[in-house]
Each structure stands twice: as structure tokens, then as C-alpha cells.
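Just below is one structure, and these are the notes that go with it.
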Amino acid sequence: MKLIGSLTSPYVRKARIAFLEKKIDVELIIDPVWSADSQLSGVNPLGKVPALIMEDGGAMFDSRVIVEYADTLSPVGRLIPSTGKEKAAVKTWEALADGVLDAAILVRLEKTWAPRNGQVCQAWVDRQMQKVSAGLQAMSDGLGKNPWCFDNHFGLSDIAVGTTLEYLRFRFPEITWGQDYPNLADLVNKLQTRASFIETAFPA
């Protein structure tokens with residue numbers, strides 16, 4: 001299988017970590033998403049990464065679909081409960097983490113590509129940053145004093161939250177979540193020792 005993506009996308013990183021934790025070999029194909037040379041549209045009509053090309057030539061996207069599919073391919077290191085309320089709880093953690101990412105990336109795009117003579121829409125930025133702040137608070141409250149986000153063992157919840165927090169550190173160093181939420185910092189410090197997180201670390 002081939003995973004189309006980039007080294008700086010947190011959604012791609014989440015999928016890569018899932019495959020590594022499942023001990024499944026996937027070839028990473030770097031694609032210049034924003035370039036006219038991008039081949040992504042032939043795989044994902046939405047032009048977003050990650051996209052997975054399966055062995056039969058079929059394709060799937062986005063990260064949430066790919067991660068859930070990866071978890072079915074091997075019994076090693078179950079990441080998502082199979083059914084019921086437990087599965088919904090883990091997927092809610094993922095939705096929370098992805099929602100924080102979505103808001104943060106909208107802020108980055110607004111500041112990077114503002115079309116109004118370089119002037120950003122501050123009201124829009126503030127609205128998105130409110131989502132980031134609320135999401136961080138919810139993550140910290142949900143984790144509490146537990147060692148992991150859900151059911152006291154490592155899983156997709158931790159991958160999603162860890163990837164989001166490290167992306168904020170990568171692109172938004174001014175957000176002091178590590179100081180504000182020591183329990184989240186402890187979680188990320190623990191995740192950073194895992195081979196899957198080390199191998200997929202964002203570029204320096």
C-alpha cells in the first residue's frame with residue numbers, strides 16, 4: 001500500500017503512526033499538494049492528504065477512515081474498540097483533536113495567504129483560536145490524572161491528541177499548552193518515547 005502525504009501534515013502523521021503501531025508496511029509518497037504538479041486529484045478528488053492507495057488500486061481518504069481501516073488489518077496493538085460506546089468514546093477523542101487541528105490550520109492559512117493586501121481577518125482568527133483554547137481545555141479535563149486518554153491504555157485517542165499537540169508546538173510555539181496543562185505535557189513526553197512518534201516527528 002502507498003500513503004500519499006507530506007511530512008508536515010498532522011493528519012498524515014496520525015495515519016503513519018497508526019500503521020507503524022500496527023506493524024504494517026506502507027510506502028510514503030510525498031506529494032506537493034499546493035503545486036500544479038500534484039498527482040493527488042487522481043486519488044482524492046478533494047485534493048487533501050492523506051490518501052491511501054490499496055494493493056488492488058483502490059483509494060480511500062481521509063485520516064479518520066484510513067486509521068480505522070488500518071486497525072482492521074492486524075490484531076497487533078488494537079487502537080480502536082470494535083463496537084459500542086467504547087468505540088464512540090475513542091472516535092470522539094479523535095474528533096476533538098481533529099477539530100483543534102482544523103481550527104489551527106485555518107488560522108495558519110489566514111495568516112499565510114491573507115488576500116486582503118496582507119491584512120488578516122482578526123475576528124476570524126480569534127474565533128478559530130477560541131476553538132483551539134476550548135479544545136485544549138477539554139483534552140486536559142478529559143485526560144485528568146489518567147495515564148492515557150481512554151481506558152488506561154494506549155490507543156487512537158492518544159495518537160490523535162499527541163499529534164495535535166505536537167503540531168501546535170511545531171506551528172504555533174506561542175501557544176503555551178505545555179505550561180498551561182501539565183497533564184497534556186506529561187502525555188506528550190510519554191508519547192515521544194515511542195518509536196512511531198520518533199520516526200514520524202515533524203521536521204526541525
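Naming scheme: A, B, ... for chains in displayed order of the C-alpha cells; residues 1 onward per chain; ligands 1 onward as shown.
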
Contacts of A:Lys48 within 9 Å, only C-alpha atoms, excl. fewer than 3 positions in-chain, as a list in words: Gly5, Val33, Leu40, Ser41, Asn44, Pro45, Ala51, Phe61 and Asp62 of chain A

Would you save the residues from that selection as a compact mmCIF listing (two decimals), in the first residue's frame, using C-alpha atoms?
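For reference, part-v3.txt as written:
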```txt
# COMPACT_ATOMS: atom_id res chain seq x y z
CA GLY A 5 1.02 12.82 2.06
CA VAL A 33 -0.33 19.29 -2.54
CA LEU A 40 -3.34 13.87 -5.63
CA SER A 41 -6.51 14.74 -7.52
CA ASN A 44 -8.63 12.07 -3.79
CA PRO A 45 -10.89 14.45 -5.74
CA ALA A 51 -4.88 9.37 0.77
CA PHE A 61 -9.35 9.06 2.45
CA ASP A 62 -9.32 10.92 4.96
```

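The space between atom CA of A:Lys23 and atom CA of A:Ala70 spans 9.9 Å.
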
Option closest in space to A:Lys111, from A:Tyr167, A:Phe172, A:Phe154, A:Trp34 [counting only C-alpha atoms]: A:Phe172

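Reported to one decimal place, the separation of atom CA of A:Pro75 from atom CA of A:Leu165 is 27.5 Å.
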
Between A:Pro50, A:Gly99, A:Gly142, A:Gly58, single out the one closest to A:Ile29, counting only C-alpha atoms. A:Pro50

Can you tell me which residues surround stretch 118-130 of chain A at a distance of at most 9 Å, considering only C-alpha atoms, apart from same-chain residues fewer than 5 positions away, and format the answer as an NGL selection string? :A and (100 or 102-104 or 106-108 or 110-113 or 135)

DSSP-assigned helix (DSSP H, G or I) among stretch 2-180 of chain A, expressed as a ChimeraX atom specification: /A:10-21,40-42,63-72,84-112,122-143,156-171,177-180

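If only C-alpha atoms are the atoms counted, then among A:Leu20, A:Ala59, A:Leu73, A:Met1 the closest residue to A:Ser196 is A:Leu20.
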
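Using only C-alpha atoms, the smallest distance between any of A:Asn183, A:Asn117, A:Ser38, A:Ser63 and A:Ala95 comes from A:Ser63.
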
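Residues lying within 10 Å of A:Leu28, counting only C-alpha atoms and ignoring same-chain neighbours fewer than 4 positions away, are Met1, Lys2, Leu3, Ile4, Gly5, Ser6, Leu7, Val12, Arg16, Pro50 and Leu52 of chain A.
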
Just the residues within 10 Å of A:Gly144, please, counting only C-alpha atoms, with nothing from its chain fewer than 6 positions along; format it as an mmCIF file with C-alpha atoms, in the first residue's frame.
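Saved the output as out.cif:
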```cif
data_model
loop_
_atom_site.group_PDB
_atom_site.id
_atom_site.type_symbol
_atom_site.label_atom_id
_atom_site.label_comp_id
_atom_site.auth_asym_id
_atom_site.auth_seq_id
_atom_site.Cartn_x
_atom_site.Cartn_y
_atom_site.Cartn_z
ATOM 1 C CA ALA A 138 -11.413 19.719 27.044
ATOM 2 C CA TYR A 181 -1.823 21.856 31.001
ATOM 3 C CA ASN A 183 -1.036 16.572 32.239
ATOM 4 C CA LEU A 184 -1.021 17.058 28.456
#
```

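Here the DSSP assignment of strand (DSSP E), based on backbone atoms, applies within chain A to Lys2, Leu3, Ile4, Gly5, Glu27, Leu28, Ile29, Ile30, Ala51, Leu52, Ile53, Ala59 and Met60 of chain A.
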
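Here atom CA of A:Gln179 is placed at a distance of 16.3 Å from atom CA of A:Val161.
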
Let me make sure I understand: among A:Ala201, A:Ala15, A:Val26, A:Leu79, which one has the smallest atom-to-atom distance to A:Asp151 if we use only C-alpha atoms? A:Leu79

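Candidate residues A:Ala36, A:Val49, A:Leu101, A:Val76 were compared for distance to A:Lys131, and the nearest is A:Leu101, using only C-alpha atoms.
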